[in-house]
file final-v3.cif (mmCIF, C-alpha atoms)
data_structure
#
loop_
_atom_site.label_atom_id
_atom_site.label_comp_id
_atom_site.auth_asym_id
_atom_site.auth_seq_id
_atom_site.Cartn_x
_atom_site.Cartn_y
_atom_site.Cartn_z
CA MET P 1 -31.55 18.66 -24.91
CA LEU P 2 -29.95 16.98 -21.94
CA HIS P 3 -30.95 13.63 -23.40
CA THR P 4 -29.18 14.30 -26.72
CA LEU P 5 -26.16 15.57 -24.84
CA ASN P 6 -26.01 12.32 -22.89
CA VAL P 7 -26.32 10.27 -26.06
CA THR P 8 -23.53 12.20 -27.79
CA PHE P 9 -21.39 11.92 -24.69
CA LEU P 10 -21.91 8.17 -24.53
CA SER P 11 -21.40 7.63 -28.25
CA ASP P 12 -18.12 9.54 -27.98
CA PHE P 13 -17.12 7.92 -24.72
CA VAL P 14 -17.84 4.21 -25.29
CA PRO P 15 -15.42 3.60 -28.20
CA LEU P 16 -12.68 5.53 -26.36
CA PHE P 17 -13.30 3.46 -23.25
CA LEU P 18 -13.17 0.19 -25.23
CA GLN P 19 -9.96 1.29 -26.90
CA GLN P 20 -8.40 1.94 -23.47
CA LEU P 21 -9.34 -1.56 -22.37
CA GLN P 22 -6.95 -3.00 -24.95
CA SER P 23 -3.93 -1.24 -23.45
CA PRO P 24 -0.93 -3.46 -22.62
CA THR P 25 -1.13 -2.44 -18.95
CA LEU P 26 -4.53 -4.01 -18.58
CA GLY P 27 -3.64 -7.03 -20.71
CA PHE P 28 -0.68 -7.93 -18.48
CA LEU P 29 -2.78 -7.39 -15.33
CA VAL P 30 -5.50 -9.75 -16.57
CA GLY P 31 -2.81 -12.21 -17.71
CA GLY P 32 -1.42 -12.28 -14.16
CA ILE P 33 -4.88 -12.84 -12.66
CA VAL P 34 -5.59 -15.69 -15.09
CA VAL P 35 -2.33 -17.60 -14.58
CA ALA P 36 -2.57 -17.33 -10.80
CA ALA P 37 -6.24 -18.36 -10.82
CA LEU P 38 -5.32 -21.41 -12.92
CA GLY P 39 -2.79 -22.40 -10.25
CA SER P 40 0.31 -21.79 -12.34
CA GLN P 41 3.71 -22.32 -10.74
CA LEU P 42 4.95 -19.06 -12.22
CA ALA P 43 6.61 -17.03 -9.49
CA ILE P 44 8.31 -13.68 -9.75
CA PRO P 45 10.76 -13.25 -6.89
CA ASP P 46 9.99 -10.70 -4.24
CA SER P 47 13.31 -8.96 -4.80
CA ILE P 48 12.41 -8.33 -8.46
CA TYR P 49 9.06 -6.91 -7.40
CA LYS P 50 10.83 -4.60 -4.96
CA PHE P 51 13.37 -3.51 -7.55
CA ILE P 52 10.69 -2.80 -10.14
CA SER P 53 8.59 -0.75 -7.69
CA PHE P 54 11.70 1.24 -6.80
CA PHE P 55 12.62 1.71 -10.46
CA LEU P 56 9.16 2.89 -11.53
CA LEU P 57 8.69 5.30 -8.62
CA MET P 58 12.22 6.62 -9.09
CA LYS P 59 11.50 7.31 -12.76
CA ILE P 60 8.18 8.98 -11.95
CA GLY P 61 9.95 11.02 -9.26
CA LEU P 62 12.70 12.09 -11.66
CA THR P 63 10.12 13.13 -14.26
CA GLY P 64 8.29 15.13 -11.60
CA GLY P 65 11.47 16.68 -10.24
CA ILE P 66 12.66 17.77 -13.69
CA ALA P 67 9.19 19.24 -14.31
CA ILE P 68 9.18 21.12 -10.99
CA ARG P 69 12.64 22.53 -11.78
CA ASN P 70 11.17 24.02 -14.97
CA SER P 71 7.86 25.22 -13.57
CA ASN P 72 6.31 27.63 -11.15
CA PRO P 73 6.14 25.90 -7.75
CA SER P 74 3.00 27.80 -6.73
CA GLU P 75 1.00 25.87 -9.36
CA ILE P 76 1.20 22.76 -7.22
CA PHE P 77 -0.49 24.37 -4.22
CA LEU P 78 -4.21 23.88 -5.04
CA PRO P 79 -3.86 20.34 -6.46
CA ALA P 80 -1.79 19.36 -3.39
CA LEU P 81 -4.44 20.83 -1.09
CA ALA P 82 -7.11 18.89 -3.00
CA ALA P 83 -5.05 15.70 -2.61
CA VAL P 84 -4.81 16.20 1.17
CA LEU P 85 -8.56 16.85 1.49
CA ILE P 86 -9.47 13.81 -0.63
CA GLY P 87 -7.14 11.57 1.40
CA ILE P 88 -8.84 12.65 4.62
CA ALA P 89 -12.36 12.54 3.13
CA ILE P 90 -11.96 8.94 1.88
CA VAL P 91 -11.34 7.73 5.45
CA PHE P 92 -14.50 9.45 6.74
CA ILE P 93 -16.52 8.14 3.78
CA ALA P 94 -15.44 4.60 4.74
CA ARG P 95 -16.20 5.28 8.41
CA TYR P 96 -19.77 6.42 7.68
CA THR P 97 -20.65 4.02 4.84
CA LEU P 98 -18.77 0.73 5.22
CA GLY P 99 -18.42 1.22 8.99
CA GLN P 100 -22.19 1.53 9.49
CA LEU P 101 -23.04 -1.75 7.78
CA PRO P 102 -24.19 -4.70 9.86
CA GLY P 103 -21.41 -6.98 11.01
CA ILE P 104 -18.60 -4.59 10.07
CA LYS P 105 -16.20 -3.50 12.79
CA VAL P 106 -15.51 0.23 12.76
CA THR P 107 -11.75 -0.36 13.05
CA ASP P 108 -11.82 -2.68 10.01
CA ALA P 109 -13.74 -0.01 8.06
CA LEU P 110 -11.26 2.69 9.10
CA ALA P 111 -8.25 0.59 8.14
CA THR P 112 -9.88 -0.19 4.78
CA GLY P 113 -10.64 3.50 4.26
CA GLY P 114 -7.05 4.37 5.15
CA LEU P 115 -5.72 1.91 2.60
CA PHE P 116 -8.11 3.13 -0.12
CA GLY P 117 -7.23 6.74 0.66
CA ALA P 118 -3.53 5.90 0.45
CA VAL P 119 -1.96 5.70 -2.98
CA SER P 120 -0.70 2.82 -5.10
CA GLY P 121 2.62 3.30 -6.85
CA SER P 122 1.72 0.68 -9.46
CA THR P 123 -1.56 2.39 -10.38
CA LEU P 124 0.20 5.74 -10.59
CA ALA P 125 2.86 4.14 -12.80
CA ALA P 126 0.12 2.68 -15.00
CA VAL P 127 -1.83 5.88 -15.67
CA LEU P 128 1.06 8.08 -16.81
CA PRO P 129 2.11 6.12 -19.96
CA GLN P 130 -1.55 5.69 -20.89
CA LEU P 131 -2.01 9.47 -20.80
CA ASP P 132 1.10 9.76 -22.99
CA SER P 133 -0.30 7.19 -25.44
CA ALA P 134 -3.64 9.02 -25.57
CA LYS P 135 -1.67 12.27 -26.15
CA ILE P 136 -3.41 13.97 -23.24
CA PRO P 137 -1.08 16.60 -21.77
CA TYR P 138 -0.60 16.73 -17.99
CA GLU P 139 1.81 18.45 -15.64
CA ALA P 140 4.61 15.95 -14.93
CA TRP P 141 4.74 17.13 -11.31
CA THR P 142 1.26 15.68 -10.68
CA ALA P 143 3.01 12.43 -9.68
CA ALA P 144 4.46 14.37 -6.75
CA LEU P 145 0.89 14.63 -5.39
CA TYR P 146 1.26 10.99 -4.22
CA PRO P 147 2.48 11.69 -0.65
CA PHE P 148 0.01 14.57 -0.24
CA MET P 149 -2.86 12.09 -0.39
CA ASP P 150 -1.13 8.99 0.95
CA ILE P 151 0.14 10.30 4.27
CA PRO P 152 -3.00 12.24 5.38
CA ALA P 153 -5.16 9.18 4.64
CA LEU P 154 -3.01 6.83 6.74
CA VAL P 155 -2.67 9.35 9.56
CA THR P 156 -6.41 10.07 9.60
CA ALA P 157 -7.34 6.37 9.66
CA ILE P 158 -4.97 5.61 12.53
CA VAL P 159 -5.90 8.70 14.56
CA VAL P 160 -9.66 8.23 14.12
CA ALA P 161 -9.36 4.52 14.99
CA SER P 162 -7.39 5.31 18.15
CA VAL P 163 -9.90 7.96 19.22
CA TYR P 164 -12.75 5.53 18.53
CA LEU P 165 -11.09 2.72 20.50
CA SER P 166 -10.20 4.89 23.49
CA LYS P 167 -13.80 6.23 23.62
CA LYS P 168 -15.14 2.70 23.41
CA THR P 169 -12.98 1.44 26.25
CA GLY P 170 -13.43 4.67 28.22
CA ASN P 171 -9.69 5.04 28.38
CA ALA P 172 -9.09 8.61 27.26
CA SER P 173 -5.51 8.81 28.47
CA GLU P 174 -3.99 7.21 25.37
CA ASN P 175 -2.81 9.94 23.06
CA VAL P 176 -2.02 9.11 19.48
CA GLU P 177 1.29 10.43 18.32
CA ILE P 178 0.94 11.65 14.75
CA TRP P 179 4.61 12.29 14.05
CA PRO P 180 5.71 8.61 14.13
CA ILE P 181 2.99 7.74 11.60
CA ILE P 182 4.16 10.48 9.23
CA LYS P 183 7.76 9.43 9.74
CA GLU P 184 6.95 5.80 8.99
CA SER P 185 5.03 6.79 5.83
CA VAL P 186 7.86 8.96 4.53
CA GLN P 187 10.40 6.26 5.35
CA SER P 188 8.41 3.60 3.47
CA SER P 189 10.13 2.30 0.37
CA ALA P 190 7.51 3.70 -2.02
CA VAL P 191 7.46 7.28 -0.76
CA THR P 192 11.25 7.30 -0.29
CA SER P 193 11.86 6.17 -3.90
CA LEU P 194 9.49 8.81 -5.24
CA LEU P 195 10.82 11.66 -3.11
CA LEU P 196 14.44 10.72 -3.84
CA GLY P 197 13.60 10.87 -7.56
CA VAL P 198 11.91 14.25 -7.15
CA ALA P 199 14.89 15.60 -5.18
CA LEU P 200 17.42 14.32 -7.74
CA GLY P 201 15.26 15.75 -10.54
CA ILE P 202 15.19 19.19 -8.92
CA LEU P 203 18.73 19.41 -7.54
CA THR P 204 20.78 17.57 -10.16
CA LYS P 205 20.63 17.24 -13.93
CA PRO P 206 19.73 13.55 -14.29
CA GLU P 207 18.74 13.81 -17.97
CA PRO P 208 21.55 11.51 -19.30
CA VAL P 209 20.57 8.51 -17.08
CA TYR P 210 16.93 9.42 -17.44
CA GLU P 211 16.99 9.31 -21.24
CA SER P 212 19.23 6.26 -21.59
CA PHE P 213 18.01 4.07 -18.73
CA PHE P 214 14.91 5.07 -16.77
CA ASN P 215 12.71 6.24 -19.61
CA PRO P 216 13.31 3.41 -22.14
CA LEU P 217 12.83 0.60 -19.60
CA PHE P 218 9.79 2.09 -17.89
CA ARG P 219 7.01 0.48 -19.92
CA GLY P 220 8.61 -2.97 -19.93
CA PHE P 221 9.06 -3.04 -16.16
CA LEU P 222 5.54 -1.68 -15.76
CA ALA P 223 4.21 -4.63 -17.78
CA ILE P 224 6.01 -7.09 -15.47
CA LEU P 225 4.70 -5.26 -12.42
CA MET P 226 1.16 -5.57 -13.80
CA ILE P 227 1.59 -9.37 -14.03
CA ILE P 228 2.74 -9.40 -10.39
CA MET P 229 -0.23 -7.25 -9.32
CA GLY P 230 -2.59 -9.59 -11.18
CA MET P 231 -1.11 -12.70 -9.56
CA GLU P 232 -1.25 -11.02 -6.17
CA ALA P 233 -4.90 -10.07 -6.72
CA ALA P 234 -5.86 -13.66 -7.53
CA GLN P 235 -4.03 -14.96 -4.44
CA ARG P 236 -5.56 -12.43 -2.06
CA MET P 237 -9.04 -13.34 -3.29
CA ASN P 238 -8.91 -16.34 -0.91
CA GLU P 239 -8.40 -14.09 2.07
CA LEU P 240 -11.17 -11.77 1.00
CA ARG P 241 -13.58 -14.73 0.91
CA LYS P 242 -13.06 -15.18 4.65
CA VAL P 243 -14.41 -11.71 5.54
CA ALA P 244 -17.82 -10.09 5.08
CA GLN P 245 -18.79 -9.57 1.45
CA TRP P 246 -19.39 -5.88 2.16
CA PHE P 247 -15.63 -5.43 1.85
CA ALA P 248 -15.73 -6.78 -1.70
CA ILE P 249 -18.63 -4.49 -2.60
CA TYR P 250 -16.92 -1.48 -1.03
CA ALA P 251 -13.67 -2.36 -2.84
CA PHE P 252 -15.49 -2.42 -6.17
CA ILE P 253 -17.53 0.78 -5.83
CA SER P 254 -15.27 3.06 -3.81
CA PRO P 255 -12.39 3.50 -6.31
CA ILE P 256 -14.90 4.80 -8.87
CA VAL P 257 -16.59 7.12 -6.33
CA HIS P 258 -13.25 8.44 -5.05
CA GLY P 259 -12.09 8.92 -8.62
CA PHE P 260 -15.13 11.01 -9.53
CA LEU P 261 -14.77 13.07 -6.35
CA ALA P 262 -11.15 13.88 -7.21
CA PHE P 263 -11.87 14.40 -10.91
CA GLY P 264 -14.58 16.92 -9.97
CA LEU P 265 -12.17 18.81 -7.70
CA GLY P 266 -9.54 18.62 -10.45
CA LEU P 267 -11.96 20.19 -12.94
CA ILE P 268 -12.76 23.01 -10.47
CA ILE P 269 -9.00 23.71 -10.15
CA HIS P 270 -8.82 23.50 -13.96
CA LYS P 271 -11.39 26.31 -14.21
CA LEU P 272 -9.68 28.35 -11.48
CA THR P 273 -6.00 28.06 -12.38
CA GLY P 274 -5.71 26.28 -15.71
CA PHE P 275 -4.58 22.98 -14.11
CA SER P 276 -4.68 20.57 -17.07
CA ILE P 277 -7.48 18.05 -17.64
CA GLY P 278 -4.78 15.38 -17.86
CA GLY P 279 -3.66 16.51 -14.41
CA ALA P 280 -7.23 16.06 -13.17
CA VAL P 281 -7.11 12.49 -14.54
CA VAL P 282 -3.90 11.82 -12.56
CA LEU P 283 -5.53 13.25 -9.42
CA ALA P 284 -8.61 11.07 -10.02
CA VAL P 285 -6.55 7.90 -10.52
CA ILE P 286 -4.40 8.63 -7.44
CA ALA P 287 -7.68 8.93 -5.48
CA ALA P 288 -9.08 5.76 -7.05
CA SER P 289 -5.97 3.76 -6.22
CA SER P 290 -5.45 1.93 -2.94
CA SER P 291 -2.06 1.37 -1.37
CA ASP P 292 -0.31 -1.94 -1.89
CA ILE P 293 3.27 -1.32 -0.77
CA SER P 294 3.54 1.16 2.04
CA GLY P 295 0.03 1.31 3.47
CA PRO P 296 -0.51 -2.21 4.84
CA PRO P 297 2.46 -2.37 7.24
CA THR P 298 1.72 1.14 8.56
CA LEU P 299 -1.92 0.24 9.20
CA ARG P 300 -1.09 -3.16 10.68
CA ALA P 301 1.13 -1.44 13.22
CA GLY P 302 -1.17 1.58 13.69
CA ILE P 303 -4.52 -0.24 14.02
CA PRO P 304 -3.47 -3.69 15.27
CA SER P 305 -7.02 -4.77 16.14
CA ALA P 306 -8.22 -4.38 12.54
CA ASN P 307 -8.28 -7.56 10.48
CA PRO P 308 -5.57 -7.38 7.77
CA SER P 309 -7.38 -10.00 5.64
CA ALA P 310 -10.24 -7.51 5.29
CA TYR P 311 -8.33 -4.44 4.22
CA ILE P 312 -5.47 -6.04 2.32
CA GLY P 313 -7.86 -8.46 0.60
CA ALA P 314 -10.21 -5.62 -0.39
CA SER P 315 -7.38 -3.45 -1.68
CA THR P 316 -5.19 -5.95 -3.49
CA ALA P 317 -7.80 -8.42 -4.76
CA ILE P 318 -10.38 -5.91 -5.97
CA GLY P 319 -9.42 -2.27 -5.36
CA THR P 320 -6.22 -2.23 -7.43
CA PRO P 321 -7.65 -4.18 -10.42
CA VAL P 322 -10.71 -1.87 -10.44
CA ALA P 323 -8.50 1.23 -10.28
CA ILE P 324 -6.29 0.02 -13.14
CA ALA P 325 -8.83 -1.78 -15.32
CA ILE P 326 -11.88 0.46 -14.90
CA CYS P 327 -10.88 3.84 -13.48
CA ILE P 328 -7.89 4.58 -15.74
CA PRO P 329 -9.81 3.92 -19.02
CA LEU P 330 -12.89 5.62 -17.57
CA PHE P 331 -11.20 8.91 -16.69
CA ILE P 332 -9.02 8.96 -19.81
CA GLY P 333 -12.18 8.37 -21.86
CA ILE P 334 -13.99 11.23 -20.09
CA ALA P 335 -10.96 13.50 -20.53
CA GLU P 336 -10.87 12.78 -24.26
CA VAL P 337 -14.55 13.68 -24.57
CA LEU P 338 -13.98 16.89 -22.57
CA LEU P 339 -11.02 17.74 -24.80
CA GLY P 340 -13.38 17.34 -27.76
CA ARG P 341 -11.64 14.40 -29.42
CA MET F 342 31.69 -29.82 27.83
CA SER F 343 28.08 -29.08 27.14
CA GLN F 344 25.66 -27.05 29.23
CA GLN F 345 21.84 -27.22 29.53
CA ILE F 346 20.31 -23.99 28.27
CA TRP F 347 16.90 -22.84 27.02
CA LYS F 348 15.80 -22.16 23.50
CA LEU F 349 12.83 -19.83 23.13
CA VAL F 350 11.20 -19.83 19.70
CA ILE F 351 8.89 -17.04 18.58
CA VAL F 352 6.97 -17.33 15.30
CA ALA F 353 5.39 -13.97 14.49
CA GLU F 354 4.37 -11.48 11.84
CA GLU F 355 7.37 -10.00 10.10
CA ILE F 356 6.26 -6.44 10.84
CA LEU F 357 6.86 -7.17 14.54
CA SER F 358 10.39 -8.44 14.06
CA LYS F 359 12.21 -5.17 14.84
CA LYS F 360 10.09 -4.59 17.93
CA LEU F 361 10.56 -8.16 19.13
CA ILE F 362 14.32 -8.00 18.68
CA LYS F 363 14.43 -4.76 20.63
CA LEU F 364 12.41 -6.38 23.41
CA ILE F 365 14.62 -9.48 23.45
CA LYS F 366 17.82 -7.46 23.70
CA ALA F 367 16.37 -5.16 26.34
CA ALA F 368 15.47 -8.20 28.44
CA GLY F 369 19.12 -9.16 28.48
CA ALA F 370 19.52 -11.90 25.89
CA THR F 371 22.97 -11.94 24.32
CA GLY F 372 21.89 -12.99 20.83
CA TYR F 373 19.15 -14.27 18.56
CA THR F 374 18.60 -15.86 15.13
CA VAL F 375 15.92 -14.80 12.62
CA ASN F 376 14.54 -16.91 9.76
CA ALA F 377 11.74 -16.35 7.31
CA ALA F 378 8.83 -18.63 8.19
CA GLY F 379 5.62 -19.86 6.63
CA GLY F 380 2.81 -22.14 7.66
CA GLU F 381 -0.69 -22.31 8.99
CA GLY F 382 -2.15 -21.32 12.33
CA SER F 383 -5.45 -20.59 13.99
CA ARG F 384 -5.72 -17.09 12.52
CA ASN F 385 -4.92 -17.72 8.90
CA VAL F 386 -2.68 -19.40 6.43
CA ARG F 387 0.41 -17.26 6.52
CA SER F 388 3.07 -18.16 4.07
CA THR F 389 6.14 -16.58 2.62
CA GLY F 390 4.64 -17.38 -0.79
CA GLU F 391 5.81 -15.17 -3.56
CA PRO F 392 5.07 -12.80 -5.08
CA SER F 393 4.12 -10.88 -2.02
CA VAL F 394 3.30 -7.25 -2.56
CA SER F 395 3.45 -6.17 1.02
CA HIS F 396 5.43 -7.85 3.70
CA THR F 397 2.51 -7.42 6.05
CA LEU F 398 1.56 -11.04 5.62
CA ALA F 399 5.04 -12.51 5.90
CA ASN F 400 6.33 -14.28 9.02
CA VAL F 401 9.56 -14.70 10.88
CA LYS F 402 10.83 -17.31 13.29
CA ILE F 403 13.07 -15.85 15.98
CA GLU F 404 15.17 -18.15 18.16
CA VAL F 405 16.72 -16.96 21.39
CA LEU F 406 19.09 -19.04 23.50
CA THR F 407 19.07 -18.16 27.18
CA GLY F 408 21.18 -19.47 30.01
CA THR F 409 18.29 -19.36 32.48
CA ARG F 410 14.62 -20.26 32.31
CA GLU F 411 13.79 -16.94 34.03
CA LEU F 412 15.13 -14.85 31.19
CA ALA F 413 13.11 -16.85 28.65
CA ASP F 414 9.99 -16.46 30.81
CA THR F 415 10.52 -12.71 31.13
CA ILE F 416 10.70 -12.35 27.35
CA THR F 417 7.61 -14.54 26.88
CA ARG F 418 5.59 -12.54 29.44
CA GLU F 419 6.45 -9.24 27.79
CA ILE F 420 5.52 -10.55 24.35
CA GLU F 421 2.29 -11.96 25.70
CA ALA F 422 1.26 -8.66 27.29
CA LYS F 423 2.07 -6.60 24.24
CA TYR F 424 1.20 -8.67 21.19
CA TYR F 425 -0.88 -11.79 21.87
CA ALA F 426 -4.22 -10.00 21.57
CA ASP F 427 -3.88 -8.50 18.11
CA PHE F 428 -1.15 -10.33 16.23
CA SER F 429 -0.45 -13.77 14.87
CA ILE F 430 2.25 -14.91 17.23
CA ILE F 431 3.24 -18.11 18.97
CA THR F 432 6.02 -18.88 21.43
CA TYR F 433 7.41 -22.15 22.70
CA ILE F 434 10.43 -23.26 24.62
CA TYR F 435 12.64 -26.28 24.95
CA GLN F 436 15.83 -27.31 26.62
CA VAL F 437 18.90 -27.71 24.49
CA GLU F 438 22.55 -28.44 25.00
CA ALA F 439 24.95 -25.66 24.22
CA LEU F 440 28.31 -26.81 22.96
CA ARG F 441 30.08 -23.57 23.74
CA ASP F 442 28.96 -23.30 27.35
CA HIS F 443 30.96 -20.22 28.22
CA LYS F 444 28.77 -18.18 25.86
CA PHE F 445 25.63 -18.28 28.01
#
call {"tool": "encode", "arguments": {"input": "final-v3.cif", "output": "structure tokens"}}
result
Amino acid sequence: MLHTLNVTFLSDFVPLFLQQLQSPTLGFLVGGIVVAALGSQLAIPDSIYKFISFFLLMKIGLTGGIAIRNSNPSEIFLPALAAVLIGIAIVFIARYTLGQLPGIKVTDALATGGLFGAVSGSTLAAVLPQLDSAKIPYEAWTAALYPFMDIPALVTAIVVASVYLSKKTGNASENVEIWPIIKESVQSSAVTSLLLGVALGILTKPEPVYESFFNPLFRGFLAILMIIMGMEAAQRMNELRKVAQWFAIYAFISPIVHGFLAFGLGLIIHKLTGFSIGGAVVLAVIAASSSDISGPPTLRAGIPSANPSAYIGASTAIGTPVAIAICIPLFIGIAEVLLGR
Amino acid sequence: MSQQIWKLVIVAEEILSKKLIKLIKAAGATGYTVNAAGGEGSRNVRSTGEPSVSHTLANVKIEVLTGTRELADTITREIEAKYYADFSIITYIYQVEALRDHKF
């Protein structure tokens, strides 16, 4: 019985998964990886990257804000709580898996866990249009879950690393101040763009600019961002080669594990409150993603003794491509099977 | 008339630039110049190569002109104590001639 169920699940799931792999998002990502790996001179200026990240997060924020204006704010409570718990859990998972491996410094493992618990704006931007294309409904405010996972993960990583270091050196007097870390996370360009969009969506009526500017350009800018992420991944591969290969293995497996953890919690909330399955996919992809914009500088300043080549290499070279190329099609495919398509 | 002054050069990770500037001003320097920098050192290749998703791996070169060697040494000592252990950072100093001597 279970065997037949598995076979039906797989026979439903595999074609849906393969179909997702042909999405433009993934195509542009792979294109970026290939041109950079071939040593192309193609360069997309940093300022364009920054503008596109701002644009995409602003649009996602506006969508979320407009949705919150038209919905019951109490609905967001359980998913937000789940996001906070997952963000914290990911750091401890890294501490007690990656951090226990031979030759891995605990601070490097904590910084890596912090970055993988934090959220990637580009991955978030990639999953939403793919849910739209697959016609899977989700609450538009789910994008607003971003800071609820991002900030607790960064704070936990930095606090646990400081506690670990002060125990190791026997210097217990150094207290970690949590507030500056939260402040720095909220002030980061990614979270600011998103929260500004949410605020404008709730407090103003941005529909005219939203319909004529932000919405039509979204997919095109996303495609360019995917090329940039691909090129960045190929370049960071060199740095990742300099650190222990455990980081590469962790970076490959952990997005999938974190995604399933969050998807499971999302499904429980679905049973309890009617949170949509599409919303559970967004939660899963947010958990699978690893920060590329705001996380690295916060961690570099917060855990200076951790090796940035390890955590940035793991996140940008492997974590983000795995989240976009494997986790998004995977969870959309599972959602379609669960929705009985 | 020109005057002999000191030029302290600090090449460091960009994420330190605000903190370094604060330190430099607190030590009493009257000004500084910041440039983007790239290159290779003992820790890693660190370039300003684009595209760069996070500025964590970018570098800056900060130049400070000081009228006395003592001021330059004070700044260097403070930087050494705070950042040498964990960050990619290098400092060097040379004597230069200032053409507007009244400024220093």
call {"tool": "residues_near_point", "arguments": {"input": "final-v3.cif", "point": "(2.7, 1.1, -14.9)", "cutoff": "8 Å", "atoms": "all atoms listed in the file", "output": "ChimeraX atom specification"}}
result
/P:25,56,122-129,218-219,221-223,225-226
call {"tool": "residues_around", "arguments": {"input": "final-v3.cif", "residues": "Ala368 in chain F", "least_positions_apart": "6", "cutoff": "12 Å", "atoms": "all atoms listed in the file", "output": "JSON list (two decimals) with C-alpha atoms, in the coordinates of the input"}}
result
[["chain", "number", "residue", "atom", "x", "y", "z"],
["F", 361, "LEU", "CA", 10.56, -8.16, 19.13],
["F", 362, "ILE", "CA", 14.32, -8.00, 18.68],
["F", 405, "VAL", "CA", 16.72, -16.96, 21.39],
["F", 407, "THR", "CA", 19.07, -18.16, 27.18],
["F", 411, "GLU", "CA", 13.79, -16.94, 34.03],
["F", 412, "LEU", "CA", 15.13, -14.85, 31.19],
["F", 413, "ALA", "CA", 13.11, -16.85, 28.65],
["F", 414, "ASP", "CA", 9.99, -16.46, 30.81],
["F", 415, "THR", "CA", 10.52, -12.71, 31.13],
["F", 416, "ILE", "CA", 10.70, -12.35, 27.35],
["F", 417, "THR", "CA", 7.61, -14.54, 26.88],
["F", 418, "ARG", "CA", 5.59, -12.54, 29.44],
["F", 419, "GLU", "CA", 6.45, -9.24, 27.79],
["F", 420, "ILE", "CA", 5.52, -10.55, 24.35]]
call {"tool": "closest_residue", "arguments": {"input": "final-v3.cif", "among": "P:Asn215, P:Thr204, P:Ser71, P:Gln41", "to": "chain F", "atoms": "all atoms listed in the file"}}
result
P:Gln41
call {"tool": "interface_residues", "arguments": {"input": "final-v3.cif", "of": "chain P", "to": "chain F", "cutoff": "10 Å", "atoms": "only C-alpha atoms", "output": "ChimeraX atom specification"}}
result
/P:42-50,53,228-229,231-233,235-236,239,242,291-301,303-309,312,316
call {"tool": "atom_distance", "arguments": {"input": "final-v3.cif", "atom1": "CA of Leu217 in chain P", "atom2": "CA of Gln187 in chain P"}}
result
25.7 Å
call {"tool": "atom_distance", "arguments": {"input": "final-v3.cif", "atom1": "CA of Leu101 in chain P", "atom2": "CA of Thr320 in chain P"}}
result
22.7 Å
call {"tool": "atom_distance", "arguments": {"input": "final-v3.cif", "atom1": "CA of Ile90 in chain P", "atom2": "CA of Gly117 in chain P"}}
result
5.4 Å
call {"tool": "resolve_selection", "arguments": {"input": "final-v3.cif", "expression": "the PyMOL selection byres ((chain F and resi 445) around 10)", "output": "CSV table (one decimal) with C-alpha atoms, in the coordinates of the input"}}
result
chain,number,residue,atom,x,y,z
F,344,GLN,CA,25.7,-27.0,29.2
F,345,GLN,CA,21.8,-27.2,29.5
F,346,ILE,CA,20.3,-24.0,28.3
F,347,TRP,CA,16.9,-22.8,27.0
F,370,ALA,CA,19.5,-11.9,25.9
F,371,THR,CA,23.0,-11.9,24.3
F,372,GLY,CA,21.9,-13.0,20.8
F,406,LEU,CA,19.1,-19.0,23.5
F,407,THR,CA,19.1,-18.2,27.2
F,408,GLY,CA,21.2,-19.5,30.0
F,409,THR,CA,18.3,-19.4,32.5
F,439,ALA,CA,25.0,-25.7,24.2
F,441,ARG,CA,30.1,-23.6,23.7
F,442,ASP,CA,29.0,-23.3,27.4
F,443,HIS,CA,31.0,-20.2,28.2
F,444,LYS,CA,28.8,-18.2,25.9
call {"tool": "residues_around", "arguments": {"input": "final-v3.cif", "residues": "Ser315 in chain P", "least_positions_apart": "4", "cutoff": "10 Å", "atoms": "only C-alpha atoms", "output": "list of chain:residue names"}}
result
P:Thr112, P:Gly113, P:Leu115, P:Phe116, P:Ser120, P:Ala233, P:Arg236, P:Leu240, P:Phe247, P:Ala248, P:Tyr250, P:Ala251, P:Phe252, P:Pro255, P:Ser289, P:Ser290, P:Ser291, P:Asp292, P:Pro296, P:Ser309, P:Ala310, P:Tyr311, P:Gly319, P:Thr320, P:Pro321, P:Val322, P:Ala323
call {"tool": "write_last_selection", "arguments": {"input": "final-v3.cif", "atoms": "C-alpha atoms", "output": "compact mmCIF listing (two decimals), in the frame of the given file"}}
result
# COMPACT_ATOMS: atom_id res chain seq x y z
CA THR P 112 -9.88 -0.19 4.78
CA GLY P 113 -10.64 3.50 4.26
CA LEU P 115 -5.72 1.91 2.60
CA PHE P 116 -8.11 3.13 -0.12
CA SER P 120 -0.70 2.82 -5.10
CA ALA P 233 -4.90 -10.07 -6.72
CA ARG P 236 -5.56 -12.43 -2.06
CA LEU P 240 -11.17 -11.77 1.00
CA PHE P 247 -15.63 -5.43 1.85
CA ALA P 248 -15.73 -6.78 -1.70
CA TYR P 250 -16.92 -1.48 -1.03
CA ALA P 251 -13.67 -2.36 -2.84
CA PHE P 252 -15.49 -2.42 -6.17
CA PRO P 255 -12.39 3.50 -6.31
CA SER P 289 -5.97 3.76 -6.22
CA SER P 290 -5.45 1.93 -2.94
CA SER P 291 -2.06 1.37 -1.37
CA ASP P 292 -0.31 -1.94 -1.89
CA PRO P 296 -0.51 -2.21 4.84
CA SER P 309 -7.38 -10.00 5.64
CA ALA P 310 -10.24 -7.51 5.29
CA TYR P 311 -8.33 -4.44 4.22
CA GLY P 319 -9.42 -2.27 -5.36
CA THR P 320 -6.22 -2.23 -7.43
CA PRO P 321 -7.65 -4.18 -10.42
CA VAL P 322 -10.71 -1.87 -10.44
CA ALA P 323 -8.50 1.23 -10.28
call {"tool": "closest_residue", "arguments": {"input": "final-v3.cif", "among": "F:Ala353, F:Ser358, F:Lys423, F:Arg410", "to": "Gln436 in chain F", "atoms": "only C-alpha atoms"}}
result
F:Arg410
